[in-house]
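Visitor: My file is my_file25.tsv. It has TSV, C-alpha atoms:
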```tsv
chain	number	residue	atom	x	y	z
E	1	MET	CA	170.04	108.99	36.32
E	2	ASN	CA	171.66	110.98	33.51
E	3	LEU	CA	173.14	114.27	34.75
E	4	VAL	CA	173.85	117.31	32.61
E	5	ARG	CA	175.10	120.78	33.43
E	6	CYS	CA	172.91	123.86	33.32
E	7	TRP	CA	174.26	126.33	30.75
E	8	GLU	CA	173.57	129.30	33.02
E	9	CYS	CA	174.54	128.34	36.59
E	10	GLU	CA	176.61	125.25	35.57
E	11	GLN	CA	175.02	123.11	38.30
E	12	TYR	CA	174.30	119.44	37.55
E	13	ILE	CA	170.66	118.56	36.93
E	14	SER	CA	168.85	115.50	35.67
E	15	GLN	CA	168.53	115.42	31.90
E	16	GLU	CA	164.83	114.64	32.23
E	17	ALA	CA	164.24	117.89	34.15
E	18	SER	CA	165.66	119.97	31.31
E	19	VAL	CA	164.10	118.27	28.28
E	20	HIS	CA	160.92	120.35	28.20
E	21	PHE	CA	162.96	123.55	27.79
E	22	ARG	CA	165.09	122.50	24.84
E	23	ASP	CA	162.78	124.05	22.23
E	24	LEU	CA	163.40	127.49	23.68
E	25	SER	CA	167.13	127.18	24.31
E	26	GLY	CA	167.97	125.33	21.10
E	27	GLY	CA	169.15	122.11	22.79
E	28	ARG	CA	171.08	123.54	25.74
E	29	ASN	CA	170.15	122.32	29.21
E	30	LEU	CA	168.81	124.70	31.83
E	31	CYS	CA	167.63	124.14	35.38
E	32	VAL	CA	164.15	125.27	36.43
E	33	GLU	CA	165.39	128.45	38.12
E	34	CYS	CA	167.55	129.46	35.16
E	35	GLN	CA	164.76	128.79	32.66
E	36	HIS	CA	162.81	131.78	33.96
E	37	LYS	CA	165.89	134.02	33.97
E	38	TYR	CA	166.75	132.90	30.46
E	39	ARG	CA	163.27	133.69	29.15
E	40	LYS	CA	163.43	137.16	30.68
E	41	LYS	CA	166.91	137.79	29.27
E	42	ILE	CA	165.88	136.75	25.76
E	43	GLU	CA	162.77	138.95	25.85
E	44	GLU	CA	164.84	141.92	27.00
E	45	LYS	CA	167.36	141.33	24.21
E	46	LYS	CA	164.56	141.16	21.65
E	47	LYS	CA	163.14	144.47	22.88
E	48	GLU	CA	166.59	146.07	22.76
E	49	TYR	CA	167.18	144.76	19.23
E	50	ILE	CA	163.78	145.98	17.99
E	51	ALA	CA	164.29	149.40	19.59
E	52	HIS	CA	167.74	149.70	18.00
E	53	LYS	CA	166.40	148.60	14.61
E	54	ILE	CA	163.61	151.19	14.78
E	55	GLU	CA	165.99	154.04	15.62
E	56	ALA	CA	168.47	152.96	12.94
E	57	THR	CA	165.68	152.76	10.33
E	58	LEU	CA	164.31	156.17	11.29
E	59	GLU	CA	167.77	157.72	11.15
E	60	ARG	CA	168.51	156.20	7.73
E	61	ALA	CA	165.15	157.36	6.38
E	62	ILE	CA	165.53	160.99	7.43
E	63	HIS	CA	169.19	161.01	6.34
E	64	LEU	CA	168.22	159.80	2.85
E	65	ILE	CA	165.67	162.62	2.70
E	66	GLU	CA	168.01	165.38	3.88
E	67	MET	CA	170.72	164.25	1.42
E	68	GLN	CA	168.41	165.07	-1.52
E	69	GLU	CA	169.00	168.49	-3.02
E	70	CYS	CA	165.27	169.12	-3.28
E	71	CYS	CA	164.86	168.65	0.49
E	72	SER	CA	168.08	169.83	2.13
E	73	MET	CA	166.92	173.45	2.53
E	74	LYS	CA	163.34	172.50	3.42
E	75	MET	CA	163.81	170.10	6.31
E	76	ASP	CA	161.53	172.13	8.59
E	77	GLU	CA	158.65	170.84	6.46
E	78	TYR	CA	159.56	167.30	7.50
E	79	LEU	CA	159.84	167.79	11.27
E	80	ASP	CA	156.17	167.23	12.19
E	81	PRO	CA	155.62	164.35	9.73
E	82	TYR	CA	158.84	162.71	10.97
E	83	ASN	CA	157.80	163.00	14.62
E	84	THR	CA	154.38	161.51	13.82
E	85	VAL	CA	155.90	158.57	11.93
E	86	ALA	CA	158.60	158.02	14.57
E	87	GLN	CA	156.07	157.82	17.40
E	88	PHE	CA	153.85	155.52	15.35
E	89	TYR	CA	156.78	153.21	14.52
E	90	ARG	CA	158.09	153.12	18.09
E	91	ASN	CA	154.65	152.08	19.31
E	92	ASP	CA	154.35	149.27	16.75
E	93	SER	CA	157.48	147.84	15.12
E	94	SER	CA	155.44	145.91	12.54
E	95	LYS	CA	154.25	149.06	10.73
E	96	PHE	CA	157.27	149.45	8.45
E	97	ASP	CA	159.60	146.97	6.77
E	98	SER	CA	162.24	149.39	5.51
E	99	ALA	CA	163.65	152.90	5.63
E	100	HIS	CA	162.11	153.53	2.19
E	101	GLU	CA	158.63	152.80	3.55
E	102	VAL	CA	159.32	155.24	6.39
E	103	MET	CA	160.44	157.84	3.84
E	104	ALA	CA	157.30	157.35	1.77
E	105	CYS	CA	155.06	157.69	4.82
E	106	ILE	CA	156.81	160.90	5.91
E	107	GLU	CA	156.37	162.41	2.44
E	108	LEU	CA	152.71	161.36	2.24
E	109	LEU	CA	152.01	162.99	5.60
E	110	ARG	CA	153.91	166.11	4.52
E	111	SER	CA	151.58	166.20	1.51
E	112	GLN	CA	148.59	165.83	3.88
E	113	ILE	CA	147.55	162.46	2.47
E	114	LYS	CA	145.80	159.98	4.76
E	115	VAL	CA	147.85	156.81	5.15
E	116	LYS	CA	147.29	153.31	6.54
E	117	THR	CA	150.40	151.13	6.81
E	118	GLN	CA	150.92	147.35	6.56
E	119	GLN	CA	147.25	146.59	5.97
E	120	LYS	CA	145.86	143.09	5.43
E	121	ILE	CA	143.48	142.52	2.54
E	122	GLY	CA	142.25	138.99	2.96
E	123	ARG	CA	145.46	137.01	3.44
E	124	LYS	CA	147.53	139.53	1.51
E	125	ARG	CA	149.48	142.32	3.18
E	126	VAL	CA	150.22	145.61	1.44
E	127	ASP	CA	152.67	148.38	2.32
E	128	PHE	CA	150.19	151.27	2.29
E	129	ILE	CA	146.56	152.06	1.65
E	130	LEU	CA	145.70	155.64	0.68
E	131	PRO	CA	141.93	155.48	1.24
E	132	ASP	CA	141.02	158.96	-0.01
E	133	MET	CA	142.89	158.33	-3.27
E	134	LYS	CA	141.71	154.70	-3.68
E	135	ILE	CA	145.30	153.57	-3.99
E	136	VAL	CA	147.28	150.61	-2.68
E	137	LEU	CA	150.89	151.76	-2.63
E	138	GLU	CA	153.71	149.21	-2.76
E	139	ILE	CA	157.38	150.13	-2.42
E	140	ASP	CA	159.49	147.88	-4.67
E	141	GLY	CA	163.09	146.89	-4.02
E	142	GLY	CA	166.01	148.71	-5.61
E	143	HIS	CA	166.34	146.27	-8.53
E	144	HIS	CA	162.93	147.31	-9.91
E	145	ARG	CA	162.20	150.19	-12.22
E	146	PHE	CA	158.65	151.45	-12.56
E	147	ARG	CA	156.83	148.21	-13.31
E	148	ILE	CA	155.06	147.95	-16.64
E	149	GLY	CA	152.80	144.95	-16.88
E	150	LYS	CA	149.49	143.23	-16.51
E	151	ASP	CA	147.68	142.62	-13.24
E	152	SER	CA	149.16	139.69	-11.31
E	153	GLU	CA	146.92	137.15	-9.56
E	154	ARG	CA	147.76	138.88	-6.27
E	155	ASP	CA	146.79	142.27	-7.73
E	156	ILE	CA	143.51	140.92	-9.08
E	157	PHE	CA	142.60	139.46	-5.68
E	158	ILE	CA	143.39	142.72	-3.87
E	159	LEU	CA	141.56	144.90	-6.40
E	160	ASN	CA	138.51	142.62	-6.52
E	161	THR	CA	138.32	142.71	-2.71
E	162	LEU	CA	138.59	146.50	-2.50
E	163	ASN	CA	136.33	147.20	-5.47
E	164	LYS	CA	133.46	145.20	-3.95
E	165	SER	CA	132.57	148.15	-1.75
E	166	GLU	CA	133.85	151.02	-3.90
E	167	HIS	CA	135.10	151.08	-7.49
E	168	GLY	CA	138.21	152.82	-8.75
E	169	TRP	CA	141.00	151.22	-6.71
E	170	GLU	CA	144.48	150.80	-8.17
E	171	ILE	CA	147.78	149.28	-7.05
E	172	ILE	CA	150.71	151.61	-7.66
E	173	ARG	CA	154.30	150.43	-7.30
E	174	ILE	CA	157.15	152.85	-6.74
E	175	PRO	CA	160.80	151.70	-6.90
E	176	THR	CA	163.00	152.52	-3.91
E	177	ARG	CA	165.62	154.28	-5.99
E	178	PHE	CA	162.99	156.75	-7.23
E	179	ILE	CA	162.27	157.60	-3.59
E	180	GLU	CA	166.00	158.03	-2.98
E	181	GLN	CA	166.40	160.34	-5.99
E	182	ASN	CA	163.56	162.78	-5.34
E	183	ILE	CA	161.08	162.08	-2.57
E	184	ARG	CA	159.09	165.21	-3.42
E	185	ARG	CA	158.07	163.65	-6.73
E	186	LEU	CA	156.43	160.71	-4.97
E	187	VAL	CA	152.89	162.09	-4.86
E	188	PRO	CA	152.93	163.45	-8.45
E	189	ALA	CA	154.18	160.05	-9.64
E	190	ILE	CA	151.42	158.21	-7.75
E	191	LYS	CA	148.76	160.49	-9.25
E	192	ALA	CA	150.16	160.18	-12.78
E	193	LEU	CA	150.32	156.39	-12.62
E	194	TYR	CA	146.83	156.14	-11.12
E	195	LYS	CA	145.38	158.26	-13.92
E	196	GLU	CA	147.18	156.25	-16.60
E	197	ARG	CA	146.02	152.88	-15.21
E	198	GLN	CA	142.41	154.03	-14.86
E	199	GLU	CA	142.39	155.26	-18.46
E	200	LEU	CA	143.86	151.96	-19.62
E	201	ARG	CA	141.23	149.97	-17.71
E	202	ASN	CA	138.45	152.05	-19.25
E	203	LYS	CA	139.71	151.04	-22.70
E	204	HIS	CA	139.83	147.33	-21.82
E	205	ASN	CA	136.66	146.68	-19.80
E	206	GLY	CA	138.31	147.10	-16.41
E	207	PHE	CA	141.43	144.97	-16.96
E	208	ILE	CA	145.07	145.66	-17.71
E	209	PRO	CA	145.44	143.50	-20.85
E	210	SER	CA	147.67	140.45	-20.59
E	211	TYR	CA	149.42	141.21	-23.88
E	212	TYR	CA	150.07	144.84	-22.87
E	213	SER	CA	151.18	146.18	-26.27
E	214	ARG	CA	154.30	148.24	-26.88
E	215	THR	CA	152.08	151.29	-27.48
E	216	ASN	CA	150.46	150.87	-24.05
E	217	LYS	CA	153.84	150.45	-22.40
E	218	MET	CA	155.06	153.65	-24.01
E	219	SER	CA	151.87	155.33	-22.77
E	220	HIS	CA	152.74	154.18	-19.24
E	221	ILE	CA	156.20	155.70	-19.59
E	222	SER	CA	154.73	158.95	-20.91
E	223	ALA	CA	152.55	159.16	-17.80
E	224	ILE	CA	155.58	159.54	-15.55
E	225	LYS	CA	157.60	161.92	-17.73
E	226	GLY	CA	158.35	164.94	-15.60
E	227	VAL	CA	158.25	162.93	-12.38
E	228	ALA	CA	160.83	160.22	-13.13
E	229	SER	CA	164.36	161.28	-14.05
E	230	ASP	CA	165.28	161.69	-17.73
E	231	ASN	CA	167.78	158.85	-17.37
E	232	GLU	CA	165.11	156.55	-15.90
E	233	ILE	CA	162.74	157.38	-18.77
E	234	GLU	CA	165.43	156.78	-21.41
E	235	VAL	CA	166.34	153.38	-19.97
E	236	MET	CA	162.68	152.29	-19.76
E	237	GLU	CA	161.99	153.39	-23.35
E	238	GLN	CA	165.04	151.51	-24.62
E	239	GLU	CA	164.01	148.36	-22.72
E	240	VAL	CA	160.55	148.48	-24.33
E	241	LEU	CA	162.08	148.90	-27.79
E	242	ASP	CA	164.50	146.04	-27.12
E	243	GLY	CA	161.78	143.85	-25.61
E	244	THR	CA	163.77	143.41	-22.38
E	245	GLU	CA	161.56	145.37	-19.96
E	246	ASP	CA	160.72	143.81	-16.58
E	247	LEU	CA	157.08	142.68	-16.64
```
Re-express the file's structure as structure tokens.
Guide:
Amino acid sequence: MNLVRCWECEQYISQEASVHFRDLSGGRNLCVECQHKYRKKIEEKKKEYIAHKIEATLERAIHLIEMQECCSMKMDEYLDPYNTVAQFYRNDSSKFDSAHEVMACIELLRSQIKVKTQQKIGRKRVDFILPDMKIVLEIDGGHHRFRIGKDSERDIFILNTLNKSEHGWEIIRIPTRFIEQNIRRLVPAIKALYKERQELRNKHNGFIPSYYSRTNKMSHISAIKGVASDNEIEVMEQEVLDGTEDL
């Protein structure tokens, strides 16, 4: 009989008795009694990690809001939305993937906009659905500017699914750095981009054209003037003129 030591109690056990537990422990050997203790310990550690991650994400989100000049003297407006989001997140850790999503949700609630988070549309998952506005809201990573481009295959699937029951849905993408710069411009930006995309679809039989001309791209940029920073607008305009914009 082959004997191995249990990694928890260090007692010798038969190798055969420990084989069925290797998938959980990653190859280490555990006796029957220690298997149950190990499972419990791992589950407790996972819960502790998730709880810590939630609190750290919430703290980062509210700190990024209070650091903005437009918000620093108006933090009382964010107390109730923050508490609502915090309770929601603590009850279900899958509802947000980042501090920027938490920030967006807080601002949407402050603006009294109905929000559904991490919703599945078919096999696709989206950051937010704003049902009363007919908007799917996606928060893009820091390397993205406001995206200017045609509908992707993913977008077409999502929009076709949503528009089966009610027409007028749009997918709006907001870059994280825009949220970091001025969270209070989030809702005006969403509304401006929604209006611009709907007008563009009406001109092209319901589609964002694949060629998406320079004129249309400049129209998209014009739609967010006043909500995006002047520097952001200048960079986007130059990229369109240079032909280097991110599609």
Visitor: Distance CA of Gln15 in chain E-CA of Leu30 in chain E, one decimal place?
Guide: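 Going from CA of Gln15 in chain E over to CA of Leu30 in chain E, I get 9.3 Å.
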Visitor: Would you list the residues near (136.5, 153.0, -9.9) (no more than 10 Å away, in the coordinates of the file, using all atoms listed in the file) as a CSV table (one decimal) with C-alpha atoms, keeping the file's coordinate frame?
Guide:
```csv
chain,number,residue,atom,x,y,z
E,134,LYS,CA,141.7,154.7,-3.7
E,163,ASN,CA,136.3,147.2,-5.5
E,166,GLU,CA,133.8,151.0,-3.9
E,167,HIS,CA,135.1,151.1,-7.5
E,168,GLY,CA,138.2,152.8,-8.8
E,169,TRP,CA,141.0,151.2,-6.7
E,170,GLU,CA,144.5,150.8,-8.2
E,198,GLN,CA,142.4,154.0,-14.9
E,201,ARG,CA,141.2,150.0,-17.7
E,202,ASN,CA,138.4,152.0,-19.2
E,206,GLY,CA,138.3,147.1,-16.4
```
Visitor: Please compute the CA of Met103 in chain E-CA of Lys124 in chain E distance, one decimal, in Å.
Guide: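 Those two atoms sit 22.5 Å apart.
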Visitor: Given the point (147.8, 149.2, -6.3) in the file's coordinates, find the residues that have an atom at most 10 Å from it, counting only C-alpha atoms, and give them as a PDB file with C-alpha atoms, in the frame of the given file.
Guide:
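Listed below is the output, result.pdb:
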```
ATOM      1  CA  VAL E 126     150.220 145.610   1.440  1.00  0.00           C
ATOM      2  CA  ASP E 127     152.670 148.380   2.320  1.00  0.00           C
ATOM      3  CA  PHE E 128     150.190 151.270   2.290  1.00  0.00           C
ATOM      4  CA  ILE E 129     146.560 152.060   1.650  1.00  0.00           C
ATOM      5  CA  LEU E 130     145.700 155.640   0.680  1.00  0.00           C
ATOM      6  CA  LYS E 134     141.710 154.700  -3.680  1.00  0.00           C
ATOM      7  CA  ILE E 135     145.300 153.570  -3.990  1.00  0.00           C
ATOM      8  CA  VAL E 136     147.280 150.610  -2.680  1.00  0.00           C
ATOM      9  CA  LEU E 137     150.890 151.760  -2.630  1.00  0.00           C
ATOM     10  CA  GLU E 138     153.710 149.210  -2.760  1.00  0.00           C
ATOM     11  CA  ASP E 151     147.680 142.620 -13.240  1.00  0.00           C
ATOM     12  CA  ASP E 155     146.790 142.270  -7.730  1.00  0.00           C
ATOM     13  CA  ILE E 156     143.510 140.920  -9.080  1.00  0.00           C
ATOM     14  CA  ILE E 158     143.390 142.720  -3.870  1.00  0.00           C
ATOM     15  CA  LEU E 159     141.560 144.900  -6.400  1.00  0.00           C
ATOM     16  CA  TRP E 169     141.000 151.220  -6.710  1.00  0.00           C
ATOM     17  CA  GLU E 170     144.480 150.800  -8.170  1.00  0.00           C
ATOM     18  CA  ILE E 171     147.780 149.280  -7.050  1.00  0.00           C
ATOM     19  CA  ILE E 172     150.710 151.610  -7.660  1.00  0.00           C
ATOM     20  CA  ARG E 173     154.300 150.430  -7.300  1.00  0.00           C
ATOM     21  CA  ILE E 190     151.420 158.210  -7.750  1.00  0.00           C
ATOM     22  CA  LEU E 193     150.320 156.390 -12.620  1.00  0.00           C
ATOM     23  CA  TYR E 194     146.830 156.140 -11.120  1.00  0.00           C
ATOM     24  CA  ARG E 197     146.020 152.880 -15.210  1.00  0.00           C
TER      25      ARG E 197
END
```
Visitor: Work out how far CA of Met73 in chain E is from CA of Gln112 in chain E, in Å to one decimal.
Guide: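 Spanning CA of Gln112 in chain E to CA of Met73 in chain E is a straight-line distance of 19.9 Å.
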Visitor: Considering all atoms listed in the file, state which residue in the set E:Tyr89, E:Leu186, E:Asp132, E:Gly122 is at the smallest distance from Asn160 in chain E.
Guide: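 Nearest candidate to Asn160 in chain E out of E:Tyr89, E:Leu186, E:Asp132, E:Gly122: E:Gly122.
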Visitor: For Arg60 in chain E, which residue out of E:His100, E:Val187, E:Asn2, E:Met133 is the nearest one, using only C-alpha atoms?
Guide: E:His100
Visitor: If we count only C-alpha atoms, what is near Ala61 in chain E at a cut-off of 9 Å, once residues fewer than 5 positions away on the same chain are taken out, given as a PyMOL selection string?
Guide: chain E and resi 56+66+98-103
Visitor: Between E:Asp140, E:Glu16, E:Glu33, E:Glu107, which one has atoms that come closest to Arg185 in chain E, using only C-alpha atoms?
Guide: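 Counting only C-alpha atoms, the residue closest to Arg185 in chain E is E:Glu107.
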Visitor: Tell me which of E:Glu196, E:Ile139, E:Arg5, E:Arg90 sits closest to Glu48 in chain E, counting only C-alpha atoms.
Guide: E:Arg90
Visitor: Using only C-alpha atoms, find the one residue out of E:Arg125, E:Cys70, E:Glu8, E:Asn91 that sits nearest to His36 in chain E.
Guide: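 That would be E:Glu8, the residue with the smallest distance to His36 in chain E.
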Visitor: With all atoms of range 72-86 of chain E from the file as input, state the centre and edge lengths in Å to one decimal of the axis-aligned box that has 8 Å extra on each side, as JSON.
Guide:
```
{"center_x": 161.2, "center_y": 165.7, "center_z": 8.4, "size_x": 29.7, "size_y": 31.4, "size_z": 28.5}
```
